[in-house]
$ cat query.tsv   # TSV, C-alpha atoms
chain	number	residue	atom	x	y	z
A	1	MET	CA	-63.24	5.38	26.78
A	2	ALA	CA	-59.55	4.61	26.82
A	3	ASP	CA	-57.07	7.43	26.67
A	4	THR	CA	-55.44	7.16	23.29
A	5	THR	CA	-53.13	10.12	23.67
A	6	ALA	CA	-49.44	9.44	23.95
A	7	PRO	CA	-46.49	11.68	24.54
A	8	LEU	CA	-45.03	12.96	21.34
A	9	ALA	CA	-41.64	11.50	20.54
A	10	THR	CA	-38.98	14.10	20.53
A	11	LYS	CA	-35.78	13.91	18.59
A	12	ARG	CA	-32.66	15.54	19.80
A	13	ILE	CA	-31.05	17.68	17.20
A	14	LYS	CA	-27.32	17.21	17.50
A	15	ILE	CA	-25.41	20.34	16.61
A	16	ASP	CA	-21.71	20.05	15.97
A	17	ARG	CA	-19.65	21.81	18.63
A	18	VAL	CA	-17.25	23.22	16.04
A	19	TRP	CA	-20.09	25.05	14.30
A	20	LEU	CA	-21.38	26.22	17.68
A	21	VAL	CA	-18.00	27.76	18.43
A	22	PHE	CA	-17.94	29.31	14.96
A	23	VAL	CA	-21.35	30.95	15.46
A	24	ALA	CA	-20.47	32.00	19.01
A	25	ILE	CA	-17.33	33.77	17.80
A	26	LEU	CA	-19.28	35.63	15.13
A	27	ALA	CA	-21.93	36.59	17.68
A	28	GLY	CA	-19.28	37.87	20.06
A	29	THR	CA	-17.67	39.84	17.26
A	30	ALA	CA	-21.04	41.38	16.37
A	31	ILE	CA	-21.50	42.47	19.98
A	32	TRP	CA	-18.04	43.73	20.85
A	33	VAL	CA	-16.57	44.92	17.55
A	34	PRO	CA	-19.48	45.20	15.09
A	35	ALA	CA	-17.49	47.38	12.72
A	36	GLU	CA	-15.13	44.45	12.04
A	37	LEU	CA	-17.79	41.75	11.58
A	38	TRP	CA	-18.28	41.88	7.80
A	39	GLY	CA	-14.57	42.23	7.14
A	40	ILE	CA	-13.86	39.12	9.24
A	41	ILE	CA	-16.63	37.18	7.48
A	42	TRP	CA	-15.29	38.24	4.08
A	43	ASP	CA	-11.73	37.22	4.98
A	44	THR	CA	-12.98	33.83	6.19
A	45	LEU	CA	-15.02	33.16	3.04
A	46	SER	CA	-12.21	34.36	0.78
A	47	ALA	CA	-9.76	31.99	2.44
A	48	LEU	CA	-12.21	29.10	2.10
A	49	GLY	CA	-12.76	29.94	-1.56
A	50	HIS	CA	-9.00	29.98	-2.16
A	51	THR	CA	-8.70	26.51	-0.61
A	52	ALA	CA	-11.87	25.05	-2.18
A	53	ILE	CA	-10.17	23.30	-5.10
A	54	PHE	CA	-7.66	21.69	-2.73
A	55	ILE	CA	-10.45	20.56	-0.42
A	56	ALA	CA	-12.41	19.06	-3.32
A	57	PHE	CA	-9.43	17.12	-4.63
A	58	ALA	CA	-8.48	15.94	-1.15
A	59	VAL	CA	-12.01	14.72	-0.45
A	60	PHE	CA	-12.04	12.78	-3.72
A	61	ALA	CA	-8.60	11.26	-3.07
A	62	ILE	CA	-9.49	10.06	0.43
A	63	ALA	CA	-12.85	8.63	-0.68
A	64	TYR	CA	-11.24	6.84	-3.63
A	65	LEU	CA	-8.51	5.24	-1.55
A	66	LYS	CA	-11.01	4.24	1.12
A	67	ALA	CA	-13.45	2.73	-1.38
A	68	THR	CA	-10.76	0.77	-3.17
A	69	GLY	CA	-9.60	-0.82	0.08
A	70	ALA	CA	-6.13	0.69	0.01
A	71	GLU	CA	-5.90	0.14	3.76
A	72	THR	CA	-4.82	-3.40	2.93
A	73	LEU	CA	-1.55	-1.96	1.65
A	74	LEU	CA	-0.69	-1.12	5.26
A	75	ALA	CA	-0.03	-4.79	5.87
A	76	LYS	CA	2.99	-4.56	3.59
A	77	ALA	CA	4.62	-2.21	6.09
A	78	PHE	CA	4.77	-5.05	8.59
A	79	GLU	CA	6.29	-7.78	6.43
A	80	GLY	CA	9.90	-8.82	5.95
A	81	ASN	CA	12.91	-8.14	8.14
A	82	GLN	CA	12.70	-5.53	10.86
A	83	THR	CA	14.79	-2.88	9.09
A	84	ARG	CA	12.55	-3.11	6.04
A	85	MET	CA	9.48	-2.99	8.29
A	86	ILE	CA	10.60	0.27	9.87
A	87	PHE	CA	11.30	1.92	6.51
A	88	MET	CA	8.00	0.77	5.01
A	89	ALA	CA	6.02	1.70	8.13
A	90	ALA	CA	7.47	5.21	8.21
A	91	LEU	CA	6.89	5.69	4.48
A	92	LEU	CA	3.31	4.41	4.45
A	93	GLY	CA	2.52	6.16	7.71
A	94	GLY	CA	3.69	9.47	6.28
A	95	LEU	CA	1.63	9.06	3.11
A	96	SER	CA	-1.47	7.10	4.13
A	97	PRO	CA	-4.84	8.90	4.12
A	98	PHE	CA	-6.24	7.12	7.17
A	99	CYS	CA	-6.52	8.65	10.63
A	100	SER	CA	-4.81	7.13	13.66
A	101	CYS	CA	-7.96	5.80	15.27
A	102	GLU	CA	-9.08	4.02	12.10
A	103	VAL	CA	-6.03	1.77	12.24
A	104	ILE	CA	-6.31	0.90	15.96
A	105	PRO	CA	-7.83	-2.56	15.30
A	106	PHE	CA	-5.21	-3.26	12.63
A	107	ILE	CA	-2.31	-2.21	14.86
A	108	ALA	CA	-3.76	-4.11	17.84
A	109	ALA	CA	-3.84	-7.29	15.75
A	110	MET	CA	-0.29	-6.76	14.53
A	111	LEU	CA	1.05	-6.24	18.05
A	112	ALA	CA	-0.88	-9.25	19.34
A	113	LEU	CA	0.67	-11.38	16.58
A	114	GLY	CA	4.15	-10.30	17.63
A	115	THR	CA	4.93	-7.54	15.13
A	116	PRO	CA	7.97	-5.62	16.44
A	117	LEU	CA	7.06	-2.48	18.34
A	118	ALA	CA	9.75	-0.61	16.38
A	119	ALA	CA	7.79	-0.86	13.13
A	120	VAL	CA	4.53	0.08	14.86
A	121	MET	CA	6.16	3.10	16.48
A	122	ALA	CA	7.51	4.24	13.11
A	123	PHE	CA	4.01	4.09	11.65
A	124	TRP	CA	2.37	5.79	14.63
A	125	LEU	CA	4.77	8.73	14.63
A	126	ALA	CA	4.55	9.37	10.89
A	127	SER	CA	0.83	8.70	10.37
A	128	PRO	CA	-0.78	11.80	12.02
A	129	LEU	CA	1.51	14.28	10.31
A	130	MET	CA	0.77	13.96	6.62
A	131	ASP	CA	-1.72	12.52	4.17
A	132	PRO	CA	-2.87	13.56	0.67
A	133	ALA	CA	-5.48	15.99	1.99
A	134	MET	CA	-3.05	17.52	4.47
A	135	PHE	CA	-0.40	17.90	1.76
A	136	LEU	CA	-2.76	19.77	-0.55
A	137	ILE	CA	-4.09	22.10	2.14
A	138	THR	CA	-0.58	22.75	3.47
A	139	THR	CA	0.58	23.57	-0.05
A	140	SER	CA	-2.27	26.01	-0.57
A	141	ALA	CA	-1.65	27.88	2.71
A	142	LEU	CA	2.08	27.52	3.42
A	143	GLY	CA	3.62	26.69	0.05
A	144	LEU	CA	4.89	23.58	-1.66
A	145	ASP	CA	8.30	23.77	-0.03
A	146	PHE	CA	6.82	23.66	3.48
A	147	ALA	CA	4.51	20.78	2.52
A	148	ILE	CA	7.40	18.74	1.13
A	149	ALA	CA	9.56	19.54	4.16
A	150	LYS	CA	6.78	18.45	6.52
A	151	THR	CA	6.32	15.19	4.58
A	152	LEU	CA	10.03	14.44	4.84
A	153	ALA	CA	9.94	15.37	8.53
A	154	ALA	CA	7.05	12.93	9.07
A	155	ILE	CA	8.94	10.08	7.44
A	156	GLY	CA	12.14	11.08	9.23
A	157	LEU	CA	10.37	11.14	12.60
A	158	GLY	CA	8.98	7.69	11.93
A	159	LEU	CA	12.44	6.36	11.12
A	160	PHE	CA	13.91	8.08	14.20
A	161	GLY	CA	11.33	6.57	16.54
A	162	GLY	CA	11.37	3.16	14.87
A	163	PHE	CA	15.12	2.65	14.99
A	164	SER	CA	15.32	4.12	18.50
A	165	VAL	CA	12.79	1.57	19.74
A	166	ARG	CA	14.70	-1.17	17.96
A	167	LEU	CA	17.87	-0.21	19.81
A	168	LEU	CA	16.00	-0.05	23.13
A	169	ALA	CA	13.71	-3.03	22.49
A	170	ASN	CA	15.09	-5.09	25.37
A	171	THR	CA	15.02	-2.31	27.95
A	172	PRO	CA	12.27	-2.11	30.62
A	173	ALA	CA	10.69	0.82	28.78
A	174	PHE	CA	9.62	-1.20	25.74
A	175	ILE	CA	9.35	-4.83	26.86
A	176	ASN	CA	5.79	-6.21	26.81
A	177	PRO	CA	4.23	-2.98	25.51
A	178	LEU	CA	0.54	-3.94	25.19
A	179	ARG	CA	-2.09	-3.04	27.77
A	180	GLU	CA	-3.92	-5.95	29.37
A	181	ASP	CA	-7.27	-4.46	28.28
A	182	GLY	CA	-7.02	-3.58	24.60
A	183	PRO	CA	-9.68	-1.59	22.74
A	184	THR	CA	-12.82	-3.26	21.48
A	185	GLY	CA	-14.99	-2.35	18.53
A	186	ARG	CA	-14.30	0.48	16.13
A	187	CYS	CA	-13.77	4.14	16.75
A	188	CYS	CA	-14.44	7.19	14.63
A	189	GLY	CA	-17.54	5.46	13.34
A	190	ALA	CA	-15.28	3.87	10.75
A	191	LYS	CA	-16.45	0.85	8.84
A	192	LYS	CA	-14.45	-2.34	8.93
A	193	PRO	CA	-11.71	-2.06	6.29
A	194	PHE	CA	-12.07	-4.06	3.11
A	195	GLU	CA	-9.99	-7.22	3.00
A	196	GLY	CA	-7.89	-8.74	0.26
A	197	LYS	CA	-6.36	-6.87	-2.65
A	198	PRO	CA	-7.51	-3.31	-3.41
A	199	LEU	CA	-10.24	-3.01	-6.03
A	200	TRP	CA	-9.16	0.06	-7.97
A	201	LYS	CA	-12.35	0.05	-10.09
A	202	PHE	CA	-14.44	0.34	-6.95
A	203	TRP	CA	-17.61	1.45	-8.78
A	204	GLN	CA	-18.15	-2.15	-9.85
A	205	ALA	CA	-19.17	-3.08	-6.28
A	206	PRO	CA	-22.26	-1.49	-4.64
A	207	ASP	CA	-20.81	-1.61	-1.10
A	208	ARG	CA	-17.70	0.20	-2.25
A	209	ARG	CA	-19.73	2.86	-4.07
A	210	GLU	CA	-21.58	3.38	-0.81
A	211	THR	CA	-18.29	3.66	1.06
A	212	PHE	CA	-17.03	6.22	-1.47
A	213	THR	CA	-20.12	8.42	-1.07
A	214	GLU	CA	-20.17	8.14	2.71
A	215	THR	CA	-16.45	8.86	3.04
A	216	ALA	CA	-16.61	11.83	0.65
A	217	LEU	CA	-19.52	13.44	2.49
A	218	THR	CA	-18.01	12.78	5.92
A	219	ASN	CA	-14.62	14.20	5.00
A	220	ALA	CA	-16.11	17.18	3.17
A	221	ALA	CA	-18.11	18.09	6.27
A	222	PHE	CA	-15.07	17.50	8.49
A	223	LEU	CA	-12.72	19.65	6.43
A	224	LEU	CA	-15.28	22.40	5.91
A	225	LYS	CA	-16.08	22.87	9.60
A	226	TRP	CA	-12.48	22.81	10.80
A	227	LEU	CA	-11.13	25.03	8.04
A	228	ALA	CA	-14.00	27.50	8.47
A	229	LEU	CA	-13.18	27.78	12.18
A	230	ALA	CA	-9.47	28.01	11.47
A	231	TYR	CA	-9.83	30.76	8.88
A	232	LEU	CA	-12.15	32.65	11.21
A	233	LEU	CA	-9.58	32.45	14.00
A	234	GLU	CA	-6.87	33.50	11.55
A	235	ALA	CA	-8.89	36.56	10.53
A	236	LEU	CA	-9.36	37.50	14.18
A	237	MET	CA	-5.71	36.89	14.98
A	238	VAL	CA	-4.43	39.03	12.15
A	239	ARG	CA	-6.70	41.89	13.21
A	240	PHE	CA	-6.34	41.81	16.97
A	241	ILE	CA	-3.02	40.20	17.93
A	242	PRO	CA	-0.14	42.63	17.46
A	243	ALA	CA	2.49	41.34	15.06
A	244	GLU	CA	5.13	42.57	17.48
A	245	PHE	CA	3.89	40.14	20.15
A	246	ILE	CA	4.17	37.11	17.84
A	247	ALA	CA	7.55	38.25	16.57
A	248	GLN	CA	8.90	38.69	20.10
A	249	THR	CA	7.51	35.37	21.36
A	250	LEU	CA	8.03	33.02	18.42
A	251	GLY	CA	10.13	35.08	16.04
A	252	GLY	CA	13.84	35.01	15.45
A	253	GLN	CA	16.09	32.12	14.54
A	254	GLY	CA	17.18	31.05	18.01
A	255	PHE	CA	16.77	27.56	19.42
A	256	GLY	CA	14.65	28.99	22.24
A	257	THR	CA	11.76	29.81	19.93
A	258	ILE	CA	11.87	26.30	18.44
A	259	PHE	CA	11.90	24.77	21.92
A	260	LEU	CA	8.93	26.91	22.97
A	261	ALA	CA	7.00	26.02	19.81
A	262	SER	CA	7.58	22.30	20.49
A	263	LEU	CA	6.28	22.70	24.04
A	264	LEU	CA	3.20	24.60	22.86
A	265	GLY	CA	2.50	22.25	19.97
A	266	GLY	CA	0.50	19.59	21.80
A	267	PRO	CA	-1.67	21.76	24.08
A	268	ALA	CA	-2.35	24.45	21.44
A	269	TYR	CA	-2.99	22.12	18.51
A	270	LEU	CA	-6.65	22.07	17.44
A	271	ASN	CA	-6.58	19.75	14.49
A	272	GLY	CA	-4.13	18.99	11.71
A	273	TYR	CA	-6.19	20.78	9.09
A	274	ALA	CA	-7.15	23.70	11.32
A	275	ALA	CA	-3.52	24.24	12.29
A	276	VAL	CA	-2.45	25.05	8.73
A	277	PRO	CA	-4.34	28.36	8.32
A	278	LEU	CA	-3.44	29.35	11.88
A	279	LEU	CA	0.22	28.75	11.14
A	280	ALA	CA	-0.09	30.85	8.00
A	281	GLY	CA	-1.46	33.68	10.12
A	282	LEU	CA	1.27	33.29	12.73
A	283	ILE	CA	4.00	33.30	10.08
A	284	GLU	CA	2.45	36.42	8.56
A	285	GLN	CA	2.59	38.00	12.02
A	286	GLY	CA	6.26	37.17	12.47
A	287	MET	CA	6.57	33.54	13.60
A	288	ALA	CA	9.93	32.05	12.66
A	289	PRO	CA	9.90	29.24	10.04
A	290	GLY	CA	11.74	26.84	12.34
A	291	ALA	CA	9.26	27.46	15.15
A	292	ALA	CA	6.37	26.86	12.73
A	293	MET	CA	7.79	23.50	11.68
A	294	ALA	CA	8.46	22.46	15.29
A	295	PHE	CA	4.94	23.48	16.30
A	296	VAL	CA	3.22	21.52	13.53
A	297	ILE	CA	5.32	18.38	14.08
A	298	ALA	CA	4.96	18.33	17.88
A	299	GLY	CA	1.28	19.19	17.70
A	300	GLY	CA	0.43	16.68	15.01
A	301	VAL	CA	1.87	13.74	16.94
A	302	SER	CA	0.93	14.71	20.50
A	303	CYS	CA	-2.53	16.22	19.95
A	304	ILE	CA	-5.40	14.29	21.54
A	305	PRO	CA	-6.76	12.42	18.47
A	306	ALA	CA	-3.33	11.07	17.52
A	307	ALA	CA	-2.10	10.38	21.04
A	308	ILE	CA	-5.24	8.57	22.16
A	309	ALA	CA	-4.71	5.99	19.44
A	310	VAL	CA	-1.40	5.08	21.08
A	311	TRP	CA	-2.65	5.40	24.66
A	312	ALA	CA	-5.50	2.99	23.91
A	313	LEU	CA	-3.13	0.14	23.10
A	314	VAL	CA	0.15	0.45	24.98
A	315	LYS	CA	1.29	0.87	28.56
A	316	PRO	CA	2.08	4.35	29.93
A	317	ARG	CA	5.85	3.84	29.71
A	318	VAL	CA	5.60	3.15	25.97
A	319	PHE	CA	3.27	6.10	25.56
A	320	ALA	CA	5.83	8.29	27.35
A	321	GLY	CA	8.43	7.12	24.84
A	322	TYR	CA	6.07	8.06	22.00
A	323	LEU	CA	5.75	11.60	23.36
A	324	ALA	CA	9.51	11.87	23.93
A	325	PHE	CA	10.21	10.88	20.32
A	326	ALA	CA	7.65	13.42	19.12
A	327	PHE	CA	9.17	16.25	21.15
A	328	THR	CA	12.76	15.42	20.19
A	329	GLY	CA	11.84	14.96	16.54
A	330	SER	CA	10.02	18.29	16.45
A	331	LEU	CA	13.12	20.04	17.81
A	332	ILE	CA	15.28	18.41	15.14
A	333	ALA	CA	12.82	19.20	12.34
A	334	GLY	CA	12.39	22.81	13.50
A	335	THR	CA	16.14	23.34	13.76
A	336	LEU	CA	16.83	21.90	10.32
A	337	TRP	CA	14.02	23.88	8.70
A	338	SER	CA	15.23	27.12	10.31
A	339	VAL	CA	18.59	26.56	8.61
A	340	ILE	CA	17.11	25.56	5.24
A	341	ALA	CA	14.37	28.21	5.13
$ encode --input "query.tsv" --output "structure tokens"
Amino acid sequence: MADTTAPLATKRIKIDRVWLVFVAILAGTAIWVPAELWGIIWDTLSALGHTAIFIAFAVFAIAYLKATGAETLLAKAFEGNQTRMIFMAALLGGLSPFCSCEVIPFIAAMLALGTPLAAVMAFWLASPLMDPAMFLITTSALGLDFAIAKTLAAIGLGLFGGFSVRLLANTPAFINPLREDGPTGRCCGAKKPFEGKPLWKFWQAPDRRETFTETALTNAAFLLKWLALAYLLEALMVRFIPAEFIAQTLGGQGFGTIFLASLLGGPAYLNGYAAVPLLAGLIEQGMAPGAAMAFVIAGGVSCIPAAIAVWALVKPRVFAGYLAFAFTGSLIAGTLWSVIA
């Protein structure tokens, strides 16, 4: 009689690392400081509840723009004369709701077709810093004035980098910028963008309805996990990091604190959305406004997700220029905001 038994198929259950860290932190808190556990959980949930309406609106806005095919509007940033290109690229980059890696294929095609690097650099520098979801969450945690200032800083940084590259276009640093081996396929699991004009009444097309649902669920899960971790870290920070330490390190109005915040921005930056609650906690503990602005600008541009989109396409010398613009721009933004705030 033949053996009809077969090994049972096993499925690997993939658990998100962010949630693993979240649970691990709570477990550690329960072990080491059990008396603080429920207070930390309550603070985390309260902060999430306060931000819930902003998260919901942001998720809807991103899903709507994605389903309508608003990515096609990005092409307008790379039409016309070069000065107009830079202005449009900085403006759309600072306001577009699409992550850096989603536009890699688009940017690669533009560069291959001879689009000036100046316009691309303007878009790249502005794009990671602000989008509709980021604006709403920043407003809820840090105030409308900070959100507006960061938006203007994003556009300003794009213009700064774009026109700088235009002036230096014929120098060895920026000639022939593309890598020989460009990226293939799509990253982030993103679908191929819709082509043609945007369809604002997206519900008339089944594929766009599907895109809306998928994008909404994906972004809701993304925002929830990162903000939950960020608010948990904020609750821990407020309880266990002395305010005097933050005030001494990143407080005051001197240029030194802004410079230090710009240096720490890239390595310490978790995620654009997670950084907002952490900044709120740091400011509450005594972080100077100028240092906060410098930190969020430097971190947003030079953090791994944003930087890898640039590294994937251009040669190291161009990438070095990208980082230099980010650092210099963060110093300028931090200094100006310290005066205004």
$ atom_distance --input "query.tsv" --atom1 "atom CA of A:Leu20" --atom2 "atom CA of A:Ile41"
15.7 Å
$ atom_distance --input "query.tsv" --atom1 "atom CA of A:Ala280" --atom2 "atom CA of A:Thr138"
9.3 Å
$ atom_distance --input "query.tsv" --atom1 "atom CA of A:Phe295" --atom2 "atom CA of A:Trp226"
18.3 Å
$ closest_residue --input "query.tsv" --among "A:Leu263, A:Leu323, A:Leu278, A:Ile40" --to "A:Ala307" --atoms "all atoms listed in the file"
A:Leu323
$ closest_residue --input "query.tsv" --among "A:Phe78, A:Phe135, A:Phe146, A:Phe54" --to "A:Gly94" --atoms "only C-alpha atoms"
A:Phe135
$ closest_residue --input "query.tsv" --among "A:Leu111, A:Leu229, A:Ala221, A:Gly69" --to "A:Leu26" --atoms "all atoms listed in the file"
A:Leu229
$ axis_aligned_box --input "query.tsv" --around "stretch 107-125 of chain A" --padding-each-side "3 Å" --output "lines of an AutoDock Vina configuration file"
center_x = 3.0
center_y = -1.3
center_z = 15.5
size_x = 19.6
size_y = 26.1
size_z = 13.7
$ residues_near_point --input "query.tsv" --point "(12.6, 2.7, 20.8)" --cutoff "6 Å" --atoms "only C-alpha atoms" --output "number ranges by chain"
A: 161, 164-166, 168
$ write_last_selection --input "query.tsv" --atoms "C-alpha atoms" --output "PDB file, in the frame of the given file"
ATOM      1  CA  GLY A 161      11.330   6.570  16.540  1.00  0.00           C
ATOM      2  CA  SER A 164      15.320   4.120  18.500  1.00  0.00           C
ATOM      3  CA  VAL A 165      12.790   1.570  19.740  1.00  0.00           C
ATOM      4  CA  ARG A 166      14.700  -1.170  17.960  1.00  0.00           C
ATOM      5  CA  LEU A 168      16.000  -0.050  23.130  1.00  0.00           C
TER       6      LEU A 168
END
$ residues_around --input "query.tsv" --residues "stretch 201-211 of chain A" --least-positions-apart "2" --cutoff "10 Å" --atoms "all atoms listed in the file" --output "list in words"
Ala63, Tyr64, Leu65, Lys66, Ala67, Thr68, Gly69, Lys191, Phe194, Pro198, Leu199, Thr213, Glu214, Thr215, Ala216 and Leu217 of chain A
$ closest_residue --input "query.tsv" --among "A:Val314, A:Ala228, A:Leu233, A:Ala292" --to "A:Ser46" --atoms "all atoms listed in the file"
A:Ala228
